[in-house]
$ cat protein_10.cif   # mmCIF, C-alpha atoms and all ligand atoms
data_data
loop_
_atom_site.label_atom_id
_atom_site.label_comp_id
_atom_site.auth_asym_id
_atom_site.auth_seq_id
_atom_site.Cartn_x
_atom_site.Cartn_y
_atom_site.Cartn_z
CA MET A 121 -98.74 0.31 213.77
CA SER A 122 -98.45 -3.39 214.46
CA ASP A 123 -95.98 -5.69 212.75
CA ALA A 124 -98.92 -7.49 211.18
CA ASN A 125 -100.05 -4.22 209.55
CA VAL A 126 -96.57 -3.51 208.14
CA LYS A 127 -96.42 -7.04 206.80
CA GLN A 128 -99.77 -6.62 205.06
CA LEU A 129 -98.79 -3.23 203.57
CA ARG A 130 -95.53 -4.70 202.33
CA GLU A 131 -97.42 -7.51 200.66
CA GLU A 132 -99.57 -4.86 198.96
CA LEU A 133 -96.42 -3.06 197.79
CA ASP A 134 -95.01 -6.31 196.44
CA SER A 135 -98.09 -6.95 194.39
CA ILE A 136 -98.16 -3.32 193.11
CA ASN A 137 -94.50 -3.76 192.07
CA LEU A 138 -95.48 -6.79 190.04
CA GLU A 139 -98.40 -4.93 188.49
CA LEU A 140 -96.09 -2.02 187.61
CA LEU A 141 -93.58 -4.44 186.08
CA SER A 142 -96.26 -6.09 184.01
CA LEU A 143 -97.49 -2.66 182.80
CA LEU A 144 -93.93 -1.58 182.00
CA SER A 145 -93.35 -4.77 180.03
CA LYS A 146 -96.60 -4.22 178.13
CA ARG A 147 -95.50 -0.64 177.44
CA ALA A 148 -92.10 -1.89 176.25
CA SER A 149 -93.63 -4.29 173.72
CA ILE A 150 -95.68 -1.41 172.25
CA VAL A 151 -92.49 0.67 172.07
CA GLN A 152 -90.83 -2.18 170.16
CA GLU A 153 -93.74 -2.34 167.73
CA ILE A 154 -93.39 1.40 167.06
CA ALA A 155 -89.60 0.95 166.64
CA ASP A 156 -90.17 -1.75 163.99
CA ILE A 157 -92.47 0.56 162.03
CA LYS A 158 -89.97 3.44 162.33
CA THR A 159 -87.12 1.18 161.16
CA LYS A 160 -89.13 0.24 158.06
CA GLN A 161 -89.84 3.92 157.41
CA GLY A 162 -86.18 4.79 158.02
CA VAL A 163 -87.05 7.51 160.54
CA THR A 164 -85.18 8.21 163.80
CA LYS A 165 -86.48 6.60 166.96
CA PHE A 166 -85.83 9.41 169.42
CA ASP A 167 -88.65 11.94 169.22
CA PRO A 168 -88.12 14.77 171.76
CA GLU A 169 -91.44 16.46 170.82
CA ARG A 170 -93.38 13.30 171.59
CA GLU A 171 -91.47 12.84 174.85
CA LYS A 172 -92.33 16.40 175.93
CA GLU A 173 -96.00 15.85 175.04
CA MET A 174 -96.15 12.70 177.20
CA LEU A 175 -94.46 14.42 180.17
CA ASP A 176 -96.80 17.45 179.97
CA ARG A 177 -99.80 15.16 179.93
CA LEU A 178 -98.55 13.22 182.96
CA VAL A 179 -97.89 16.41 184.94
CA GLU A 180 -101.36 17.68 184.02
CA HIS A 181 -102.90 14.55 185.55
CA ASN A 182 -100.62 14.44 188.58
CA GLU A 183 -102.69 14.45 191.79
CA GLY A 184 -99.73 13.85 194.12
CA PRO A 185 -98.24 12.96 196.46
CA PHE A 186 -95.28 13.05 194.03
CA GLU A 187 -94.04 16.52 193.01
CA ASN A 188 -94.26 17.25 189.26
CA ASP A 189 -90.46 17.11 189.03
CA ALA A 190 -90.45 13.67 190.59
CA VAL A 191 -93.08 12.47 188.08
CA ARG A 192 -91.00 13.90 185.22
CA HIS A 193 -87.88 12.22 186.57
CA LEU A 194 -89.54 8.82 186.98
CA PHE A 195 -91.01 8.79 183.49
CA LYS A 196 -87.85 10.12 181.87
CA GLN A 197 -86.13 7.00 183.23
CA ILE A 198 -88.83 4.83 181.65
CA PHE A 199 -88.42 6.66 178.31
CA LYS A 200 -84.65 6.28 178.50
CA ALA A 201 -84.92 2.53 179.10
CA SER A 202 -87.34 2.26 176.16
CA LEU A 203 -84.95 4.08 173.86
CA GLN A 204 -82.17 1.75 174.98
CA LEU A 205 -84.41 -1.20 174.17
CA GLN A 206 -84.88 0.17 170.64
CA LYS A 207 -81.12 0.57 170.28
CA ASP A 208 -80.52 -3.02 171.41
CA ASP A 209 -83.07 -4.11 168.87
CA SER A 210 -81.31 -2.38 166.00
CA LYS A 211 -78.00 -3.95 167.13
CA LYS A 212 -79.68 -7.33 166.93
CA HIS A 213 -80.43 -6.56 163.33
CA LEU A 214 -76.82 -5.82 162.30
CA LEU A 215 -75.84 -8.39 159.69
CA VAL A 216 -72.35 -8.69 161.19
CA SER A 217 -73.82 -9.52 164.59
CA ARG A 218 -73.87 -13.00 166.11
CA LYS A 219 -77.48 -12.41 167.02
CA LYS A 220 -78.18 -12.35 163.30
CA GLN A 221 -75.87 -15.26 162.40
CA ALA A 222 -74.74 -17.63 165.14
CA GLU A 223 -72.20 -19.64 163.14
CA ASP A 224 -68.73 -18.28 162.33
CA THR A 225 -68.09 -16.77 158.91
CA VAL A 226 -65.20 -18.66 157.33
CA VAL A 227 -63.30 -16.85 154.56
CA THR A 228 -61.69 -19.29 152.14
CA LEU A 229 -58.46 -18.05 150.56
CA GLY A 230 -57.02 -20.76 148.33
CA SER A 231 -56.02 -23.66 150.56
CA THR A 232 -56.35 -21.58 153.74
CA GLN A 233 -59.47 -20.84 155.71
CA VAL A 234 -59.68 -17.85 158.00
CA GLY A 235 -62.15 -18.21 160.84
CA ASN A 236 -62.52 -22.02 160.90
CA GLY A 237 -60.99 -22.41 164.36
CA THR A 238 -57.43 -23.08 163.18
CA PRO A 239 -55.36 -19.90 163.38
CA THR A 240 -53.20 -18.77 160.50
CA ILE A 241 -50.59 -16.13 159.59
CA VAL A 242 -50.58 -13.16 157.21
CA ALA A 243 -47.07 -11.89 156.50
CA GLY A 244 -45.25 -9.68 154.04
CA PRO A 245 -43.58 -6.34 153.56
CA CYS A 246 -45.12 -3.05 154.60
CA SER A 247 -44.68 -1.75 151.04
CA VAL A 248 -43.96 -3.45 147.76
CA GLU A 249 -40.62 -1.96 146.72
CA SER A 250 -39.36 -4.31 143.99
CA GLU A 251 -39.97 -7.74 142.52
CA GLU A 252 -36.77 -9.07 144.14
CA GLN A 253 -37.88 -7.84 147.57
CA VAL A 254 -41.33 -9.45 147.27
CA ARG A 255 -39.81 -12.65 145.91
CA ALA A 256 -37.42 -12.95 148.88
CA VAL A 257 -40.34 -12.57 151.30
CA ALA A 258 -42.56 -14.96 149.31
CA LYS A 259 -39.87 -17.63 149.53
CA ALA A 260 -39.69 -17.22 153.31
CA LEU A 261 -43.47 -17.51 153.57
CA LYS A 262 -43.46 -20.65 151.44
CA ASN A 263 -40.69 -22.21 153.58
CA ASN A 264 -42.82 -21.62 156.66
CA GLY A 265 -46.04 -22.91 155.12
CA VAL A 266 -47.63 -19.45 155.17
CA THR A 267 -49.98 -18.89 152.25
CA LEU A 268 -51.29 -15.37 152.87
CA MET A 269 -48.95 -12.59 151.72
CA ARG A 270 -49.55 -8.93 152.45
CA GLY A 271 -47.85 -5.98 150.75
CA GLY A 272 -48.81 -2.34 150.26
CA ALA A 273 -48.95 -0.87 146.76
CA PHE A 274 -51.02 2.21 147.67
CA LYS A 275 -49.56 3.56 150.90
CA PRO A 276 -51.52 5.98 153.09
CA ARG A 277 -48.57 7.92 154.56
CA THR A 278 -48.71 10.60 157.22
CA SER A 279 -46.42 12.87 155.18
CA PRO A 280 -47.07 13.56 151.49
CA TYR A 281 -43.27 13.59 151.02
CA ASP A 282 -42.91 9.95 152.13
CA PHE A 283 -42.92 6.97 149.74
CA GLN A 284 -46.49 6.60 148.47
CA GLY A 285 -46.16 3.08 147.04
CA LEU A 286 -45.72 1.70 143.51
CA GLY A 287 -49.47 1.75 142.78
CA VAL A 288 -50.66 -0.61 140.05
CA GLU A 289 -47.08 -1.71 139.34
CA GLY A 290 -46.94 -2.91 142.95
CA LEU A 291 -50.14 -4.91 142.49
CA GLU A 292 -48.69 -6.49 139.33
CA ILE A 293 -45.54 -7.53 141.19
CA LEU A 294 -47.59 -9.02 144.04
CA ARG A 295 -49.77 -11.03 141.66
CA ARG A 296 -46.84 -12.35 139.63
CA VAL A 297 -44.84 -13.46 142.66
CA ALA A 298 -47.87 -14.83 144.49
CA ASP A 299 -48.79 -16.99 141.48
CA GLU A 300 -45.22 -18.24 141.28
CA TYR A 301 -45.28 -19.32 144.95
CA GLU A 302 -48.97 -20.26 145.14
CA LEU A 303 -49.75 -17.53 147.64
CA GLN A 304 -52.79 -15.34 148.22
CA VAL A 305 -52.36 -11.56 148.03
CA ILE A 306 -53.67 -9.00 150.54
CA SER A 307 -53.14 -5.37 149.59
CA GLU A 308 -54.59 -2.04 150.66
CA ILE A 309 -56.81 0.00 148.38
CA VAL A 310 -57.37 3.64 149.28
CA SER A 311 -59.69 4.91 146.60
CA PRO A 312 -63.23 3.71 145.74
CA SER A 313 -62.40 4.06 142.03
CA ASP A 314 -59.57 1.49 142.38
CA ILE A 315 -61.72 -1.27 143.94
CA GLU A 316 -62.82 -2.74 140.62
CA LEU A 317 -59.22 -2.72 139.35
CA ALA A 318 -57.95 -4.31 142.58
CA THR A 319 -60.19 -7.36 142.10
CA LYS A 320 -58.05 -8.28 139.08
CA TYR A 321 -54.87 -8.46 141.17
CA VAL A 322 -55.61 -9.20 144.81
CA ASP A 323 -57.33 -12.00 146.72
CA VAL A 324 -58.15 -9.74 149.67
CA ILE A 325 -58.74 -5.99 149.58
CA GLN A 326 -57.34 -4.33 152.68
CA ILE A 327 -59.05 -1.21 153.98
CA GLY A 328 -56.60 0.56 156.25
CA ALA A 329 -57.07 2.11 159.68
CA ARG A 330 -57.16 5.63 158.27
CA ASN A 331 -59.95 4.67 155.90
CA MET A 332 -62.13 2.65 158.28
CA GLN A 333 -64.82 5.32 158.05
CA ASN A 334 -64.30 6.21 154.40
CA PHE A 335 -67.89 5.25 153.70
CA GLU A 336 -67.65 5.52 149.93
CA LEU A 337 -64.66 3.14 149.97
CA LEU A 338 -66.59 0.74 152.24
CA LYS A 339 -69.59 0.83 149.92
CA ALA A 340 -67.38 0.20 146.86
CA ALA A 341 -65.76 -2.78 148.64
CA GLY A 342 -69.22 -4.05 149.51
CA ASN A 343 -70.21 -4.06 145.85
CA VAL A 344 -67.58 -6.64 144.80
CA ASN A 345 -67.09 -10.28 145.80
CA THR A 346 -63.40 -10.11 146.70
CA PRO A 347 -62.91 -10.65 150.47
CA VAL A 348 -62.09 -7.56 152.51
CA LEU A 349 -59.72 -7.17 155.47
CA LEU A 350 -61.01 -4.17 157.40
CA LYS A 351 -58.63 -2.57 159.88
CA ARG A 352 -59.86 -0.86 163.03
CA GLY A 353 -59.54 2.94 162.92
CA LEU A 354 -56.89 4.62 165.06
CA SER A 355 -59.45 5.62 167.66
CA ALA A 356 -62.51 3.65 166.62
CA THR A 357 -64.82 2.07 169.19
CA MET A 358 -66.05 -1.49 168.75
CA GLU A 359 -69.41 -0.12 167.70
CA GLU A 360 -67.91 2.13 165.02
CA PHE A 361 -65.73 -0.75 163.80
CA LEU A 362 -68.68 -3.13 163.47
CA HIS A 363 -70.80 -0.49 161.77
CA ALA A 364 -67.98 0.05 159.24
CA ALA A 365 -67.99 -3.71 158.56
CA GLU A 366 -71.79 -3.54 158.23
CA TYR A 367 -71.37 -1.05 155.35
CA ILE A 368 -69.52 -3.77 153.40
CA VAL A 369 -71.67 -6.75 154.39
CA SER A 370 -74.95 -4.88 153.84
CA ARG A 371 -73.95 -4.31 150.21
CA GLY A 372 -73.68 -8.05 149.68
CA ASN A 373 -70.00 -8.79 150.29
CA LYS A 374 -70.11 -11.20 153.23
CA ASN A 375 -66.41 -12.11 153.23
CA VAL A 376 -65.14 -9.55 155.70
CA ILE A 377 -62.22 -10.10 158.09
CA LEU A 378 -61.84 -7.70 161.03
CA CYS A 379 -58.34 -6.57 161.97
CA GLU A 380 -57.32 -5.14 165.35
CA ARG A 381 -54.12 -3.14 164.79
CA GLY A 382 -53.73 -1.18 168.00
CA ILE A 383 -55.36 2.06 169.03
CA ARG A 384 -53.97 5.49 169.88
CA THR A 385 -53.32 6.01 173.55
CA TYR A 386 -51.00 8.20 175.64
CA GLU A 387 -48.36 5.44 175.71
CA LYS A 388 -45.21 6.24 173.77
CA TRP A 389 -43.20 3.05 174.19
CA THR A 390 -45.38 1.40 171.54
CA ARG A 391 -46.63 3.02 168.32
CA ASN A 392 -50.19 2.03 169.27
CA THR A 393 -51.69 0.06 172.14
CA LEU A 394 -52.80 -3.43 171.19
CA ASP A 395 -56.36 -3.68 172.50
CA ILE A 396 -56.38 -7.37 173.28
CA SER A 397 -59.91 -7.17 174.70
CA ALA A 398 -61.07 -6.30 171.17
CA VAL A 399 -60.46 -9.93 170.16
CA PRO A 400 -62.93 -11.67 172.50
CA LEU A 401 -65.34 -8.71 172.25
CA LEU A 402 -65.44 -8.93 168.45
CA LYS A 403 -65.61 -12.73 168.50
CA ASN A 404 -68.53 -12.60 170.93
CA GLU A 405 -70.41 -9.82 169.19
CA SER A 406 -69.75 -10.78 165.57
CA HIS A 407 -69.41 -13.93 163.47
CA LEU A 408 -66.65 -12.40 161.33
CA PRO A 409 -63.04 -13.67 161.59
CA VAL A 410 -60.62 -11.54 163.63
CA VAL A 411 -56.97 -10.90 162.74
CA VAL A 412 -54.45 -9.15 164.99
CA ASP A 413 -51.76 -7.06 163.30
CA VAL A 414 -48.99 -7.20 165.87
CA THR A 415 -46.55 -5.09 163.82
CA HIS A 416 -48.62 -1.91 163.55
CA SER A 417 -49.84 -2.38 167.13
CA ALA A 418 -46.34 -2.44 168.58
CA GLY A 419 -44.40 -0.36 166.06
CA ARG A 420 -41.32 -2.20 167.26
CA ARG A 421 -39.82 -5.63 166.66
CA ASP A 422 -38.89 -6.91 170.10
CA ILE A 423 -42.33 -7.74 171.52
CA LEU A 424 -44.01 -9.30 168.47
CA VAL A 425 -43.84 -12.91 169.70
CA PRO A 426 -45.54 -12.28 173.08
CA LEU A 427 -48.16 -10.06 171.39
CA ALA A 428 -48.88 -12.77 168.81
CA LYS A 429 -49.19 -15.37 171.57
CA ALA A 430 -51.56 -13.09 173.47
CA ALA A 431 -53.65 -12.58 170.32
CA LEU A 432 -53.90 -16.33 169.68
CA ALA A 433 -54.66 -17.07 173.34
CA ALA A 434 -57.45 -14.45 173.18
CA GLY A 435 -59.01 -16.25 170.21
CA ALA A 436 -57.64 -14.47 167.12
CA ASP A 437 -58.15 -16.32 163.84
CA ALA A 438 -54.90 -14.98 162.41
CA VAL A 439 -51.86 -12.86 163.20
CA MET A 440 -50.44 -10.32 160.75
CA VAL A 441 -46.75 -9.46 160.77
CA GLU A 442 -44.56 -7.32 158.51
CA VAL A 443 -41.49 -8.99 157.00
CA HIS A 444 -38.78 -7.33 154.87
CA PRO A 445 -35.51 -8.82 153.54
CA ASN A 446 -33.61 -5.79 154.82
CA PRO A 447 -35.74 -3.67 157.17
CA ALA A 448 -32.97 -1.10 157.70
CA VAL A 449 -33.42 0.15 154.13
CA ALA A 450 -37.23 -0.31 153.93
CA LEU A 451 -39.07 2.60 152.31
CA SER A 452 -41.76 2.50 155.03
CA ASP A 453 -41.98 1.23 158.61
CA ALA A 454 -38.23 0.47 158.72
CA GLN A 455 -38.20 0.36 162.52
CA GLN A 456 -40.89 -2.31 162.90
CA GLN A 457 -40.49 -4.85 160.10
CA ILE A 458 -38.66 -8.08 160.87
CA ASP A 459 -36.03 -9.67 158.63
CA ILE A 460 -36.35 -13.19 157.29
CA PRO A 461 -34.31 -15.05 159.96
CA THR A 462 -36.37 -13.24 162.64
CA PHE A 463 -39.55 -14.26 160.84
CA ASP A 464 -38.38 -17.90 160.81
CA GLN A 465 -37.77 -17.64 164.54
CA PHE A 466 -41.17 -15.93 165.04
CA MET A 467 -42.85 -18.92 163.38
CA THR A 468 -40.77 -21.42 165.41
CA ASP A 469 -41.69 -19.64 168.66
CA LEU A 470 -45.41 -19.66 167.82
CA HIS A 471 -45.35 -23.37 166.97
CA ALA A 472 -43.48 -24.07 170.20
CA SER A 473 -46.15 -22.22 172.17
CA LYS A 474 -48.74 -24.80 171.04
CA LEU A 475 -51.10 -21.92 170.28
CA PHE A 476 -50.42 -22.37 166.63
CA PRO A 477 -50.42 -25.48 164.43
CA SER A 478 -47.36 -26.43 162.43
CA LEU A 479 -47.88 -25.31 158.85
CA VAL A 480 -44.95 -27.26 157.48
CA GLU A 481 -45.33 -31.02 156.89
C1 LIG B 501 -50.74 -1.51 156.64
O1 LIG B 501 -51.15 -2.59 157.10
O2 LIG B 501 -49.99 -1.45 155.65
C2 LIG B 501 -51.13 -0.26 157.28
C3 LIG B 501 -50.89 0.92 156.74
O3 LIG B 501 -51.73 -0.44 158.47
P1 LIG B 501 -52.80 0.49 159.24
O4 LIG B 501 -53.84 0.88 158.24
O5 LIG B 501 -53.29 -0.43 160.30
O6 LIG B 501 -52.02 1.65 159.78
MN MN B 502 -46.54 -0.86 157.69
#

$ encode --input "protein_10.cif" --output "structure tokens"
Amino acid sequence: MSDANVKQLREELDSINLELLSLLSKRASIVQEIADIKTKQGVTKFDPEREKEMLDRLVEHNEGPFENDAVRHLFKQIFKASLQLQKDDSKKHLLVSRKKQAEDTVVTLGSTQVGNGTPTIVAGPCSVESEEQVRAVAKALKNNGVTLMRGGAFKPRTSPYDFQGLGVEGLEILRRVADEYELQVISEIVSPSDIELATKYVDVIQIGARNMQNFELLKAAGNVNTPVLLKRGLSATMEEFLHAAEYIVSRGNKNVILCERGIRTYEKWTRNTLDISAVPLLKNESHLPVVVDVTHSAGRRDILVPLAKAALAAGADAVMVEVHPNPAVALSDAQQQIDIPTFDQFMTDLHASKLFPSLVE
């Protein structure tokens, strides 16, 4: 066969490729139309019966030279790509997705905005233990220009014999002290039936890592207007995390803040592994603000400053850190909370890094 013949045959192949591509694209747009109808009907998109029917029909009409198995294989790839296309489409429709809303969601908490491009700090004790304890921490926050105070009143503890928190009394203490120092309160709620009650005391409802997929709790938090700080589950993927946030937003509560708090890995030198890549991934994929809890990520005090710097450099909207007047006697997380002088130093180090604005005039 002459070179000229090969050249001509190749040209034919090139034009068949283009024809095939155009047919595949046409097929894909029909698949998308079907997907839209199925979404409206709320039925699943993958239909194995239908797929089998199409493959049988193709094999029936196969005149070669491809073997039937080869035909099946080729078309299965086309079906797989179509299904993927439908999945991408449903992702596009997530309310928390940037594809749905390009501009950043900014959550306004008193005088502080989370997600407006200027990073901020959330600090406070792991658990509310007494009014004096919360007051000492509130004073330190105020001195450092920090307006967002965290503190746990309902504590999800690994052991039922450990301190479970002061409950409503803890929320009352937080509210009283926060009002005194003009702070905003962030506190975890663990039960859907307490969400309504929480709105009377807190400015932000925290949903903890262990409850990230407590769907009834997510739905209850979605039914109120109080902003929600949603922590990433101990082993949750980005997709699971964003779908959990979608539960809240889809119920009408748009003020959701995502919180990366470290994930479980084989590493024992830290309590969890801070997944720093979660920050740019979440910022790219979603318009919601992203907070990094350095304390629960590390589970130790000595690496909090570099982790906070890494979080801010990666684009976090806020850093969360646990502060206790006397960590040695703390009723929870004694080994990871920092005392007040260390917190002052933490703030000084962040300001010095230029990754963080000065909060004090
Ligand atoms: C907390 O922030 O108090 C807490 C319990 O954290 P996590 O849910 O991330 O473990
Ligand atoms: Mn804690």

$ closest_residue --input "protein_10.cif" --among "A:Val126, A:Leu215, A:Arg381, A:Val163" --to "Glu366 (chain A)" --atoms "all atoms listed in the file"
A:Leu215

$ atom_distance --input "protein_10.cif" --atom1 "CA of Ser231 (chain A)" --atom2 "CA of Pro477 (chain A)"
15.1 Å

$ closest_residue --input "protein_10.cif" --among "A:Val288, A:Val441, A:Leu424, A:Leu129" --to "ligand MN 502 (chain B)" --atoms "all atoms listed in the file"
A:Val441

$ atom_distance --input "protein_10.cif" --atom1 "CA of Arg330 (chain A)" --atom2 "CA of Leu291 (chain A)"
20.2 Å

$ atom_distance --input "protein_10.cif" --atom1 "CA of Val348 (chain A)" --atom2 "CA of Ile306 (chain A)"
8.8 Å

$ residues_around --input "protein_10.cif" --residues "Leu294 (chain A)" --least-positions-apart "6" --cutoff "8 Å" --atoms "all atoms listed in the file" --output "list in words"
Val248, Glu251, Val254, Gly271, Val305 and Tyr321 of chain A

$ residues_near_ligand --input "protein_10.cif" --ligand "ligand MN 502 (chain B)" --cutoff "12 Å" --atoms "all atoms listed in the file" --output "number ranges by chain"
A: 243-248, 270-278, 283-285, 307-308, 328-329, 381, 391, 413-420, 440-444, 447, 450-458

$ write_last_selection --input "protein_10.cif" --atoms "C-alpha atoms" --output "JSON list (two decimals), in the frame of the given file"
[["chain", "number", "residue", "atom", "x", "y", "z"],
["A", 243, "ALA", "CA", -47.07, -11.89, 156.50],
["A", 244, "GLY", "CA", -45.25, -9.68, 154.04],
["A", 245, "PRO", "CA", -43.58, -6.34, 153.56],
["A", 246, "CYS", "CA", -45.12, -3.05, 154.60],
["A", 247, "SER", "CA", -44.68, -1.75, 151.04],
["A", 248, "VAL", "CA", -43.96, -3.45, 147.76],
["A", 270, "ARG", "CA", -49.55, -8.93, 152.45],
["A", 271, "GLY", "CA", -47.85, -5.98, 150.75],
["A", 272, "GLY", "CA", -48.81, -2.34, 150.26],
["A", 273, "ALA", "CA", -48.95, -0.87, 146.76],
["A", 274, "PHE", "CA", -51.02, 2.21, 147.67],
["A", 275, "LYS", "CA", -49.56, 3.56, 150.90],
["A", 276, "PRO", "CA", -51.52, 5.98, 153.09],
["A", 277, "ARG", "CA", -48.57, 7.92, 154.56],
["A", 278, "THR", "CA", -48.71, 10.60, 157.22],
["A", 283, "PHE", "CA", -42.92, 6.97, 149.74],
["A", 284, "GLN", "CA", -46.49, 6.60, 148.47],
["A", 285, "GLY", "CA", -46.16, 3.08, 147.04],
["A", 307, "SER", "CA", -53.14, -5.37, 149.59],
["A", 308, "GLU", "CA", -54.59, -2.04, 150.66],
["A", 328, "GLY", "CA", -56.60, 0.56, 156.25],
["A", 329, "ALA", "CA", -57.07, 2.11, 159.68],
["A", 381, "ARG", "CA", -54.12, -3.14, 164.79],
["A", 391, "ARG", "CA", -46.63, 3.02, 168.32],
["A", 413, "ASP", "CA", -51.76, -7.06, 163.30],
["A", 414, "VAL", "CA", -48.99, -7.20, 165.87],
["A", 415, "THR", "CA", -46.55, -5.09, 163.82],
["A", 416, "HIS", "CA", -48.62, -1.91, 163.55],
["A", 417, "SER", "CA", -49.84, -2.38, 167.13],
["A", 418, "ALA", "CA", -46.34, -2.44, 168.58],
["A", 419, "GLY", "CA", -44.40, -0.36, 166.06],
["A", 420, "ARG", "CA", -41.32, -2.20, 167.26],
["A", 440, "MET", "CA", -50.44, -10.32, 160.75],
["A", 441, "VAL", "CA", -46.75, -9.46, 160.77],
["A", 442, "GLU", "CA", -44.56, -7.32, 158.51],
["A", 443, "VAL", "CA", -41.49, -8.99, 157.00],
["A", 444, "HIS", "CA", -38.78, -7.33, 154.87],
["A", 447, "PRO", "CA", -35.74, -3.67, 157.17],
["A", 450, "ALA", "CA", -37.23, -0.31, 153.93],
["A", 451, "LEU", "CA", -39.07, 2.60, 152.31],
["A", 452, "SER", "CA", -41.76, 2.50, 155.03],
["A", 453, "ASP", "CA", -41.98, 1.23, 158.61],
["A", 454, "ALA", "CA", -38.23, 0.47, 158.72],
["A", 455, "GLN", "CA", -38.20, 0.36, 162.52],
["A", 456, "GLN", "CA", -40.89, -2.31, 162.90],
["A", 457, "GLN", "CA", -40.49, -4.85, 160.10],
["A", 458, "ILE", "CA", -38.66, -8.08, 160.87]]

$ closest_residue --input "protein_10.cif" --among "A:Leu317, A:Val439, A:Ala148, A:Leu402" --to "Glu359 (chain A)" --atoms "all atoms listed in the file"
A:Leu402

$ closest_residue --input "protein_10.cif" --among "A:Gln465, A:Thr385, A:Gln326, A:Asn375" --to "ligand LIG 501 (chain B)" --atoms "all atoms listed in the file"
A:Gln326

$ closest_residue --input "protein_10.cif" --among "A:Val480, A:Met467, A:Ala428, A:Leu349" --to "ligand LIG 501 (chain B)" --atoms "all atoms listed in the file"
A:Leu349

$ residues_around --input "protein_10.cif" --residues "Pro409 (chain A)" --least-positions-apart "4" --cutoff "10 Å" --atoms "only C-alpha atoms" --output "MDAnalysis selection string"
chainID A and resid 224:227 233:237 349 375:379 399 402:403 435:438

$ closest_residue --input "protein_10.cif" --among "A:Asn137, A:Ser406, A:Gln304, A:Ser355" --to "Lys220 (chain A)" --atoms "all atoms listed in the file"
A:Ser406

$ axis_aligned_box --input "protein_10.cif" --around "region 428-441 of chain A" --padding-each-side "8 Å" --output "lines of an AutoDock Vina configuration file"
center_x = -52.9
center_y = -13.3
center_z = 167.1
size_x = 28.3
size_y = 23.6
size_z = 28.7
